[in-house]
$ cat run20.cif   # mmCIF, C-alpha atoms; chains and numbers go by the auth columns
data_my_file
#
loop_
_atom_site.group_PDB
_atom_site.id
_atom_site.type_symbol
_atom_site.label_atom_id
_atom_site.label_comp_id
_atom_site.label_asym_id
_atom_site.label_seq_id
_atom_site.Cartn_x
_atom_site.Cartn_y
_atom_site.Cartn_z
_atom_site.B_iso_or_equiv
_atom_site.auth_seq_id
_atom_site.auth_asym_id
ATOM 1 C CA MET A 1 8.042 11.522 6.144 0.00 1 V
ATOM 2 C CA ALA A 2 10.925 9.158 6.794 0.00 2 V
ATOM 3 C CA THR A 3 12.172 8.770 10.317 0.00 3 V
ATOM 4 C CA GLU A 4 15.696 8.044 11.425 0.00 4 V
ATOM 5 C CA TYR A 5 15.081 4.476 12.549 0.00 5 V
ATOM 6 C CA ASP A 6 13.055 3.079 9.668 0.00 6 V
ATOM 7 C CA HIS A 7 16.137 2.842 7.475 0.00 7 V
ATOM 8 C CA LEU A 8 17.523 0.080 9.701 0.00 8 V
ATOM 9 C CA PRO A 9 17.419 -3.316 7.949 0.00 9 V
ATOM 10 C CA VAL A 10 16.259 -5.030 11.146 0.00 10 V
ATOM 11 C CA TYR A 11 13.388 -2.558 11.503 0.00 11 V
ATOM 12 C CA LYS A 12 12.381 -3.135 7.883 0.00 12 V
ATOM 13 C CA ALA A 13 12.493 -6.916 8.350 0.00 13 V
ATOM 14 C CA ALA A 14 10.377 -6.800 11.521 0.00 14 V
ATOM 15 C CA TYR A 15 7.927 -4.373 9.920 0.00 15 V
ATOM 16 C CA ASP A 16 7.575 -6.627 6.873 0.00 16 V
ATOM 17 C CA LEU A 17 6.947 -9.599 9.164 0.00 17 V
ATOM 18 C CA LEU A 18 4.200 -7.706 10.991 0.00 18 V
ATOM 19 C CA GLN A 19 2.585 -6.659 7.725 0.00 19 V
ATOM 20 C CA HIS A 20 2.723 -10.245 6.476 0.00 20 V
ATOM 21 C CA VAL A 21 0.931 -11.468 9.598 0.00 21 V
ATOM 22 C CA TYR A 22 -1.734 -8.746 9.334 0.00 22 V
ATOM 23 C CA ARG A 23 -2.360 -9.118 5.617 0.00 23 V
ATOM 24 C CA ASP A 24 -2.345 -12.874 5.095 0.00 24 V
ATOM 25 C CA LYS A 25 -5.773 -14.312 4.401 0.00 25 V
ATOM 26 C CA CYS A 26 -4.970 -17.664 6.083 0.00 26 V
ATOM 27 C CA ILE A 27 -4.175 -15.937 9.352 0.00 27 V
ATOM 28 C CA ALA A 28 -7.206 -13.679 9.057 0.00 28 V
ATOM 29 C CA SER A 29 -9.491 -16.689 8.678 0.00 29 V
ATOM 30 C CA VAL A 30 -8.415 -18.662 11.766 0.00 30 V
ATOM 31 C CA PRO A 31 -11.165 -19.523 14.246 0.00 31 V
ATOM 32 C CA ARG A 32 -12.176 -16.787 16.639 0.00 32 V
ATOM 33 C CA ASP A 33 -10.729 -18.432 19.770 0.00 33 V
ATOM 34 C CA VAL A 34 -7.339 -18.890 18.077 0.00 34 V
ATOM 35 C CA LYS A 35 -7.439 -15.381 16.634 0.00 35 V
ATOM 36 C CA PHE A 36 -7.905 -13.799 20.050 0.00 36 V
ATOM 37 C CA THR A 37 -5.248 -15.895 21.737 0.00 37 V
ATOM 38 C CA LEU A 38 -2.398 -16.959 19.456 0.00 38 V
ATOM 39 C CA VAL A 39 -2.741 -14.472 16.617 0.00 39 V
ATOM 40 C CA GLU A 40 -3.289 -11.346 18.710 0.00 40 V
ATOM 41 C CA THR A 41 -0.377 -12.258 20.982 0.00 41 V
ATOM 42 C CA LEU A 42 1.762 -12.903 17.909 0.00 42 V
ATOM 43 C CA LYS A 43 0.930 -9.464 16.520 0.00 43 V
ATOM 44 C CA LYS A 44 1.511 -7.814 19.895 0.00 44 V
ATOM 45 C CA ASP A 45 4.939 -9.431 20.277 0.00 45 V
ATOM 46 C CA ILE A 46 6.085 -8.450 16.784 0.00 46 V
ATOM 47 C CA LEU A 47 4.885 -4.896 17.382 0.00 47 V
ATOM 48 C CA GLU A 48 6.793 -4.873 20.679 0.00 48 V
ATOM 49 C CA ILE A 49 9.931 -5.959 18.813 0.00 49 V
ATOM 50 C CA LEU A 50 9.484 -2.923 16.534 0.00 50 V
ATOM 51 C CA VAL A 51 9.135 -0.638 19.553 0.00 51 V
ATOM 52 C CA LEU A 52 12.248 -2.129 21.139 0.00 52 V
ATOM 53 C CA ILE A 53 14.220 -1.584 17.924 0.00 53 V
ATOM 54 C CA TYR A 54 13.103 2.048 18.050 0.00 54 V
ATOM 55 C CA LYS A 55 14.129 2.326 21.719 0.00 55 V
ATOM 56 C CA THR A 56 17.497 0.753 20.975 0.00 56 V
ATOM 57 C CA HIS A 57 18.140 3.140 18.126 0.00 57 V
ATOM 58 C CA TYR A 58 17.526 6.170 20.337 0.00 58 V
ATOM 59 C CA ALA A 59 19.090 4.866 23.553 0.00 59 V
ATOM 60 C CA ALA A 60 22.125 6.864 24.590 0.00 60 V
ATOM 61 C CA VAL A 61 23.484 4.095 26.794 0.00 61 V
ATOM 62 C CA ASP A 62 22.701 0.458 27.541 0.00 62 V
ATOM 63 C CA LYS A 63 21.478 -0.374 24.051 0.00 63 V
ATOM 64 C CA HIS A 64 21.968 -4.030 24.897 0.00 64 V
ATOM 65 C CA ILE A 65 18.972 -4.004 27.270 0.00 65 V
ATOM 66 C CA PRO A 66 16.184 -3.335 24.726 0.00 66 V
ATOM 67 C CA LEU A 67 18.004 -5.529 22.206 0.00 67 V
ATOM 68 C CA GLN A 68 17.970 -8.432 24.646 0.00 68 V
ATOM 69 C CA GLN A 69 14.290 -7.796 25.374 0.00 69 V
ATOM 70 C CA ALA A 70 13.529 -7.944 21.648 0.00 70 V
ATOM 71 C CA ARG A 71 15.534 -11.148 21.291 0.00 71 V
ATOM 72 C CA ASP A 72 13.662 -12.632 24.250 0.00 72 V
ATOM 73 C CA LEU A 73 10.349 -12.181 22.397 0.00 73 V
ATOM 74 C CA LEU A 74 11.440 -14.182 19.352 0.00 74 V
ATOM 75 C CA PRO A 75 11.067 -17.715 20.798 0.00 75 V
ATOM 76 C CA GLY A 76 7.432 -16.917 21.601 0.00 76 V
ATOM 77 C CA VAL A 77 6.858 -15.653 18.064 0.00 77 V
ATOM 78 C CA LYS A 78 8.406 -18.829 16.652 0.00 78 V
ATOM 79 C CA ALA A 79 6.360 -21.038 18.983 0.00 79 V
ATOM 80 C CA ARG A 80 3.074 -19.341 18.099 0.00 80 V
ATOM 81 C CA LEU A 81 3.753 -19.709 14.393 0.00 81 V
ATOM 82 C CA ARG A 82 4.596 -23.376 14.895 0.00 82 V
ATOM 83 C CA ILE A 83 1.393 -23.960 16.847 0.00 83 V
ATOM 84 C CA LEU A 84 -0.660 -22.252 14.125 0.00 84 V
ATOM 85 C CA PHE A 85 1.006 -24.532 11.581 0.00 85 V
ATOM 86 C CA ASP A 86 0.622 -27.710 13.656 0.00 86 V
ATOM 87 C CA LEU A 87 -3.074 -26.979 14.213 0.00 87 V
ATOM 88 C CA GLY A 88 -3.535 -26.595 10.464 0.00 88 V
ATOM 89 C CA HIS A 89 -4.399 -22.900 10.520 0.00 89 V
ATOM 90 C CA ILE A 90 -1.534 -21.908 8.222 0.00 90 V
ATOM 91 C CA ASN A 91 -0.218 -23.856 5.263 0.00 91 V
ATOM 92 C CA PRO A 92 3.376 -25.112 4.899 0.00 92 V
ATOM 93 C CA LYS A 93 4.294 -22.445 2.337 0.00 93 V
ATOM 94 C CA LEU A 94 3.128 -19.610 4.614 0.00 94 V
ATOM 95 C CA PHE A 95 4.799 -21.187 7.637 0.00 95 V
ATOM 96 C CA GLN A 96 8.095 -21.470 5.767 0.00 96 V
ATOM 97 C CA SER A 97 7.879 -17.883 4.550 0.00 97 V
ATOM 98 C CA LEU A 98 7.138 -16.524 8.038 0.00 98 V
ATOM 99 C CA ALA A 99 9.858 -18.706 9.587 0.00 99 V
ATOM 100 C CA VAL A 100 12.418 -17.266 7.157 0.00 100 V
ATOM 101 C CA GLU A 101 11.313 -13.731 8.047 0.00 101 V
ATOM 102 C CA VAL A 102 11.522 -14.428 11.787 0.00 102 V
ATOM 103 C CA GLU A 103 14.976 -15.958 11.343 0.00 103 V
ATOM 104 C CA SER A 104 16.128 -12.869 9.447 0.00 104 V
ATOM 105 C CA VAL A 105 14.975 -10.604 12.283 0.00 105 V
ATOM 106 C CA SER A 106 16.591 -12.929 14.818 0.00 106 V
ATOM 107 C CA LYS A 107 19.970 -12.941 13.068 0.00 107 V
ATOM 108 C CA GLN A 108 19.989 -9.168 12.657 0.00 108 V
ATOM 109 C CA LEU A 109 19.086 -8.573 16.305 0.00 109 V
ATOM 110 C CA ALA A 110 21.759 -11.062 17.403 0.00 110 V
ATOM 111 C CA ALA A 111 24.409 -9.343 15.296 0.00 111 V
ATOM 112 C CA TRP A 112 23.429 -5.885 16.566 0.00 112 V
ATOM 113 C CA HIS A 113 23.375 -7.171 20.145 0.00 113 V
ATOM 114 C CA ALA A 114 26.814 -8.782 19.801 0.00 114 V
ATOM 115 C CA LYS A 115 28.248 -5.639 18.270 0.00 115 V
ATOM 116 C CA THR A 116 26.731 -3.505 21.023 0.00 116 V
ATOM 117 C CA LEU A 117 28.180 -5.722 23.746 0.00 117 V
ATOM 118 C CA LYS A 118 31.575 -5.754 22.039 0.00 118 V
ATOM 119 C CA ARG A 119 31.597 -1.968 21.783 0.00 119 V
ATOM 120 C CA GLN A 120 30.519 -1.701 25.405 0.00 120 V
ATOM 121 C CA ARG A 121 33.378 -3.966 26.532 0.00 121 V
ATOM 122 C CA GLU A 122 35.834 -1.949 24.457 0.00 122 V
ATOM 123 C CA GLY A 123 34.554 1.279 25.981 0.00 123 V
ATOM 124 C CA ILE A 124 33.330 2.806 22.738 0.00 124 V
ATOM 125 C CA ARG A 125 30.547 5.325 23.182 0.00 125 V
ATOM 126 C CA PRO A 126 27.112 3.926 22.151 0.00 126 V
ATOM 127 C CA GLU A 127 26.285 6.800 19.831 0.00 127 V
ATOM 128 C CA LEU A 128 29.257 5.841 17.663 0.00 128 V
ATOM 129 C CA LEU A 129 27.771 2.381 17.235 0.00 129 V
ATOM 130 C CA GLU A 130 24.804 3.795 15.325 0.00 130 V
ATOM 131 C CA GLU A 131 27.146 5.421 12.841 0.00 131 V
ATOM 132 C CA THR A 132 28.829 2.093 12.106 0.00 132 V
ATOM 133 C CA LEU A 133 25.489 0.263 11.696 0.00 133 V
ATOM 134 C CA ALA A 134 23.994 2.838 9.346 0.00 134 V
#
$ encode --input "run20.cif" --output "structure tokens"
Amino acid sequence: MATEYDHLPVYKAAYDLLQHVYRDKCIASVPRDVKFTLVETLKKDILEILVLIYKTHYAAVDKHIPLQQARDLLPGVKARLRILFDLGHINPKLFQSLAVEVESVSKQLAAWHAKTLKRQREGIRPELLEETLA
């Protein structure tokens, strides 16, 4: 059953990123200490971004707050991926692919956040914003 928020391109991009992290064999085979520090935190942060996209979609007012929280998580995601790459736990091809996915999520969140703030400054009701994004 489809839900109302999973049609959002930013949700799809973040969901695909999370699936990529869960399913990749390179990430699954990292040493135990790295898996339970970097990788688990990486997964948790991406999942939190998904939850914040959901909260933003259903927020009646102040949509910019969960959007900013989601955007604040992205530097940590990027840093963890870079550390995994620098330590040799993921190959350059995988790193590049994940970096492109993270950048896509980042750009979409930034655009949605900017549009939300613009609408807020103009005094447009937040629920109308969802209609323009859909």
$ resolve_selection --input "run20.cif" --expression "the PyMOL selection byres ((chain V and resi 74) around 10)" --output "PyMOL selection string"
chain V and resi 42+45-46+49+69-73+75-80+102-103+105-106+109
$ write_last_selection --input "run20.cif" --atoms "C-alpha atoms" --output "JSON list (two decimals), keeping the file's coordinate frame"
[["chain", "number", "residue", "atom", "x", "y", "z"],
["V", 42, "LEU", "CA", 1.76, -12.90, 17.91],
["V", 45, "ASP", "CA", 4.94, -9.43, 20.28],
["V", 46, "ILE", "CA", 6.08, -8.45, 16.78],
["V", 49, "ILE", "CA", 9.93, -5.96, 18.81],
["V", 69, "GLN", "CA", 14.29, -7.80, 25.37],
["V", 70, "ALA", "CA", 13.53, -7.94, 21.65],
["V", 71, "ARG", "CA", 15.53, -11.15, 21.29],
["V", 72, "ASP", "CA", 13.66, -12.63, 24.25],
["V", 73, "LEU", "CA", 10.35, -12.18, 22.40],
["V", 75, "PRO", "CA", 11.07, -17.72, 20.80],
["V", 76, "GLY", "CA", 7.43, -16.92, 21.60],
["V", 77, "VAL", "CA", 6.86, -15.65, 18.06],
["V", 78, "LYS", "CA", 8.41, -18.83, 16.65],
["V", 79, "ALA", "CA", 6.36, -21.04, 18.98],
["V", 80, "ARG", "CA", 3.07, -19.34, 18.10],
["V", 102, "VAL", "CA", 11.52, -14.43, 11.79],
["V", 103, "GLU", "CA", 14.98, -15.96, 11.34],
["V", 105, "VAL", "CA", 14.98, -10.60, 12.28],
["V", 106, "SER", "CA", 16.59, -12.93, 14.82],
["V", 109, "LEU", "CA", 19.09, -8.57, 16.30]]
$ closest_residue --input "run20.cif" --among "V:Asn91, V:Phe85, V:Val100, V:Gln68" --to "V:Thr116" --atoms "all atoms listed in the file"
V:Gln68
$ residues_around --input "run20.cif" --residues "stretch 16-22 of chain V" --least-positions-apart "3" --cutoff "9 Å" --atoms "all atoms listed in the file" --output "number ranges by chain"
V: 11-13, 25, 27-28, 39, 42-43, 46-47, 98, 101-102, 105
$ atom_distance --input "run20.cif" --atom1 "atom CA of V:His7" --atom2 "atom CA of V:Lys93"
28.4 Å
$ closest_residue --input "run20.cif" --among "V:Ile90, V:Leu67, V:Ala99, V:Leu84" --to "V:Leu117" --atoms "all atoms listed in the file"
V:Leu67
$ atom_distance --input "run20.cif" --atom1 "atom CA of V:Ile83" --atom2 "atom CA of V:Leu50"
22.5 Å
$ atom_distance --input "run20.cif" --atom1 "atom CA of V:Arg121" --atom2 "atom CA of V:Ala14"
27.6 Å
$ closest_residue --input "run20.cif" --among "V:Trp112, V:Leu87, V:Leu38, V:Glu48" --to "V:Leu8" --atoms "all atoms listed in the file"
V:Trp112
$ residues_near_point --input "run20.cif" --point "(8.1, 2.4, 12.8)" --cutoff "9 Å" --atoms "only C-alpha atoms" --output "PyMOL selection string"
chain V and resi 3+5-6+11-12+15+50-51+53-54
$ decode --input "run20.cif" --residues "stretch 36-50 of chain V" --atoms "all heavy atoms" --output "JSON list (two decimals), in the first residue's frame"
[["chain", "number", "residue", "atom", "x", "y", "z"],
["V", 36, "PHE", "N", 30.13, -1.53, 14.02],
["V", 36, "PHE", "CA", 29.30, -1.10, 15.14],
["V", 36, "PHE", "C", 29.55, 0.33, 15.57],
["V", 36, "PHE", "O", 28.95, 0.80, 16.53],
["V", 36, "PHE", "CB", 29.45, -2.08, 16.31],
["V", 36, "PHE", "CG", 28.85, -3.41, 16.00],
["V", 36, "PHE", "CD1", 29.64, -4.52, 15.80],
["V", 36, "PHE", "CD2", 27.48, -3.55, 15.84],
["V", 36, "PHE", "CE1", 29.08, -5.75, 15.48],
["V", 36, "PHE", "CE2", 26.91, -4.76, 15.52],
["V", 36, "PHE", "CZ", 27.71, -5.87, 15.33],
["V", 37, "THR", "N", 30.42, 1.02, 14.86],
["V", 37, "THR", "CA", 30.60, 2.45, 15.13],
["V", 37, "THR", "C", 30.18, 3.25, 13.90],
["V", 37, "THR", "O", 29.08, 3.80, 13.87],
["V", 37, "THR", "CB", 32.06, 2.76, 15.52],
["V", 37, "THR", "OG1", 32.94, 2.29, 14.50],
["V", 37, "THR", "CG2", 32.42, 2.15, 16.85],
["V", 38, "LEU", "N", 31.00, 3.27, 12.89],
["V", 38, "LEU", "CA", 30.72, 4.07, 11.69],
["V", 38, "LEU", "C", 29.49, 3.63, 10.92],
["V", 38, "LEU", "O", 28.62, 4.44, 10.60],
["V", 38, "LEU", "CB", 31.92, 4.05, 10.75],
["V", 38, "LEU", "CG", 33.15, 4.84, 11.16],
["V", 38, "LEU", "CD1", 34.27, 4.61, 10.17],
["V", 38, "LEU", "CD2", 32.82, 6.31, 11.26],
["V", 39, "VAL", "N", 29.41, 2.35, 10.62],
["V", 39, "VAL", "CA", 28.34, 1.87, 9.74],
["V", 39, "VAL", "C", 26.97, 1.97, 10.41],
["V", 39, "VAL", "O", 26.00, 2.42, 9.79],
["V", 39, "VAL", "CB", 28.63, 0.43, 9.24],
["V", 39, "VAL", "CG1", 27.49, -0.10, 8.41],
["V", 39, "VAL", "CG2", 29.93, 0.41, 8.44],
["V", 40, "GLU", "N", 26.87, 1.56, 11.65],
["V", 40, "GLU", "CA", 25.58, 1.63, 12.34],
["V", 40, "GLU", "C", 25.12, 3.09, 12.51],
["V", 40, "GLU", "O", 23.93, 3.38, 12.36],
["V", 40, "GLU", "CB", 25.63, 0.92, 13.68],
["V", 40, "GLU", "CG", 25.69, -0.59, 13.56],
["V", 40, "GLU", "CD", 24.56, -1.18, 12.73],
["V", 40, "GLU", "OE1", 23.38, -0.81, 12.93],
["V", 40, "GLU", "OE2", 24.86, -2.02, 11.86],
["V", 41, "THR", "N", 26.05, 3.97, 12.81],
["V", 41, "THR", "CA", 25.70, 5.39, 12.93],
["V", 41, "THR", "C", 25.27, 5.94, 11.58],
["V", 41, "THR", "O", 24.33, 6.73, 11.49],
["V", 41, "THR", "CB", 26.87, 6.19, 13.51],
["V", 41, "THR", "OG1", 27.28, 5.59, 14.74],
["V", 41, "THR", "CG2", 26.48, 7.63, 13.77],
["V", 42, "LEU", "N", 25.95, 5.52, 10.53],
["V", 42, "LEU", "CA", 25.59, 5.94, 9.17],
["V", 42, "LEU", "C", 24.16, 5.51, 8.85],
["V", 42, "LEU", "O", 23.35, 6.32, 8.38],
["V", 42, "LEU", "CB", 26.58, 5.32, 8.17],
["V", 42, "LEU", "CG", 26.34, 5.55, 6.70],
["V", 42, "LEU", "CD1", 26.48, 7.02, 6.34],
["V", 42, "LEU", "CD2", 27.30, 4.71, 5.87],
["V", 43, "LYS", "N", 23.85, 4.26, 9.12],
["V", 43, "LYS", "CA", 22.49, 3.76, 8.87],
["V", 43, "LYS", "C", 21.46, 4.51, 9.70],
["V", 43, "LYS", "O", 20.39, 4.87, 9.21],
["V", 43, "LYS", "CB", 22.43, 2.27, 9.18],
["V", 43, "LYS", "CG", 23.19, 1.39, 8.22],
["V", 43, "LYS", "CD", 23.17, -0.05, 8.69],
["V", 43, "LYS", "CE", 23.98, -0.97, 7.81],
["V", 43, "LYS", "NZ", 24.00, -2.36, 8.33],
["V", 44, "LYS", "N", 21.79, 4.74, 10.96],
["V", 44, "LYS", "CA", 20.86, 5.43, 11.87],
["V", 44, "LYS", "C", 20.58, 6.85, 11.37],
["V", 44, "LYS", "O", 19.44, 7.30, 11.37],
["V", 44, "LYS", "CB", 21.45, 5.47, 13.27],
["V", 44, "LYS", "CG", 20.55, 6.15, 14.30],
["V", 44, "LYS", "CD", 21.22, 6.30, 15.65],
["V", 44, "LYS", "CE", 22.19, 7.44, 15.74],
["V", 44, "LYS", "NZ", 21.71, 8.77, 15.47],
["V", 45, "ASP", "N", 21.62, 7.54, 10.92],
["V", 45, "ASP", "CA", 21.44, 8.92, 10.44],
["V", 45, "ASP", "C", 20.61, 8.98, 9.16],
["V", 45, "ASP", "O", 19.76, 9.86, 9.01],
["V", 45, "ASP", "CB", 22.79, 9.60, 10.23],
["V", 45, "ASP", "CG", 23.45, 10.00, 11.53],
["V", 45, "ASP", "OD1", 22.81, 9.89, 12.61],
["V", 45, "ASP", "OD2", 24.63, 10.43, 11.49],
["V", 46, "ILE", "N", 20.84, 8.05, 8.25],
["V", 46, "ILE", "CA", 20.05, 8.04, 7.01],
["V", 46, "ILE", "C", 18.59, 7.70, 7.32],
["V", 46, "ILE", "O", 17.67, 8.31, 6.77],
["V", 46, "ILE", "CB", 20.65, 7.06, 5.98],
["V", 46, "ILE", "CG1", 22.07, 7.50, 5.59],
["V", 46, "ILE", "CG2", 19.77, 7.00, 4.74],
["V", 46, "ILE", "CD1", 22.83, 6.47, 4.77],
["V", 47, "LEU", "N", 18.38, 6.77, 8.23],
["V", 47, "LEU", "CA", 17.02, 6.45, 8.65],
["V", 47, "LEU", "C", 16.35, 7.66, 9.31],
["V", 47, "LEU", "O", 15.17, 7.94, 9.06],
["V", 47, "LEU", "CB", 17.01, 5.25, 9.60],
["V", 47, "LEU", "CG", 15.65, 4.73, 10.04],
["V", 47, "LEU", "CD1", 14.82, 4.29, 8.84],
["V", 47, "LEU", "CD2", 15.82, 3.58, 11.00],
["V", 48, "GLU", "N", 17.10, 8.38, 10.10],
["V", 48, "GLU", "CA", 16.56, 9.60, 10.73],
["V", 48, "GLU", "C", 16.20, 10.65, 9.68],
["V", 48, "GLU", "O", 15.19, 11.35, 9.83],
["V", 48, "GLU", "CB", 17.57, 10.17, 11.74],
["V", 48, "GLU", "CG", 17.06, 11.38, 12.50],
["V", 48, "GLU", "CD", 15.85, 11.12, 13.39],
["V", 48, "GLU", "OE1", 15.61, 9.96, 13.75],
["V", 48, "GLU", "OE2", 15.14, 12.09, 13.71],
["V", 49, "ILE", "N", 16.98, 10.75, 8.63],
["V", 49, "ILE", "CA", 16.64, 11.67, 7.54],
["V", 49, "ILE", "C", 15.29, 11.27, 6.93],
["V", 49, "ILE", "O", 14.45, 12.13, 6.66],
["V", 49, "ILE", "CB", 17.76, 11.70, 6.48],
["V", 49, "ILE", "CG1", 19.00, 12.40, 7.05],
["V", 49, "ILE", "CG2", 17.29, 12.39, 5.20],
["V", 49, "ILE", "CD1", 20.25, 12.27, 6.20],
["V", 50, "LEU", "N", 15.07, 9.98, 6.73],
["V", 50, "LEU", "CA", 13.78, 9.50, 6.21],
["V", 50, "LEU", "C", 12.63, 9.90, 7.14],
["V", 50, "LEU", "O", 11.58, 10.35, 6.69],
["V", 50, "LEU", "CB", 13.80, 7.99, 6.03],
["V", 50, "LEU", "CG", 14.55, 7.46, 4.81],
["V", 50, "LEU", "CD1", 14.70, 5.95, 4.90],
["V", 50, "LEU", "CD2", 13.83, 7.85, 3.54]]
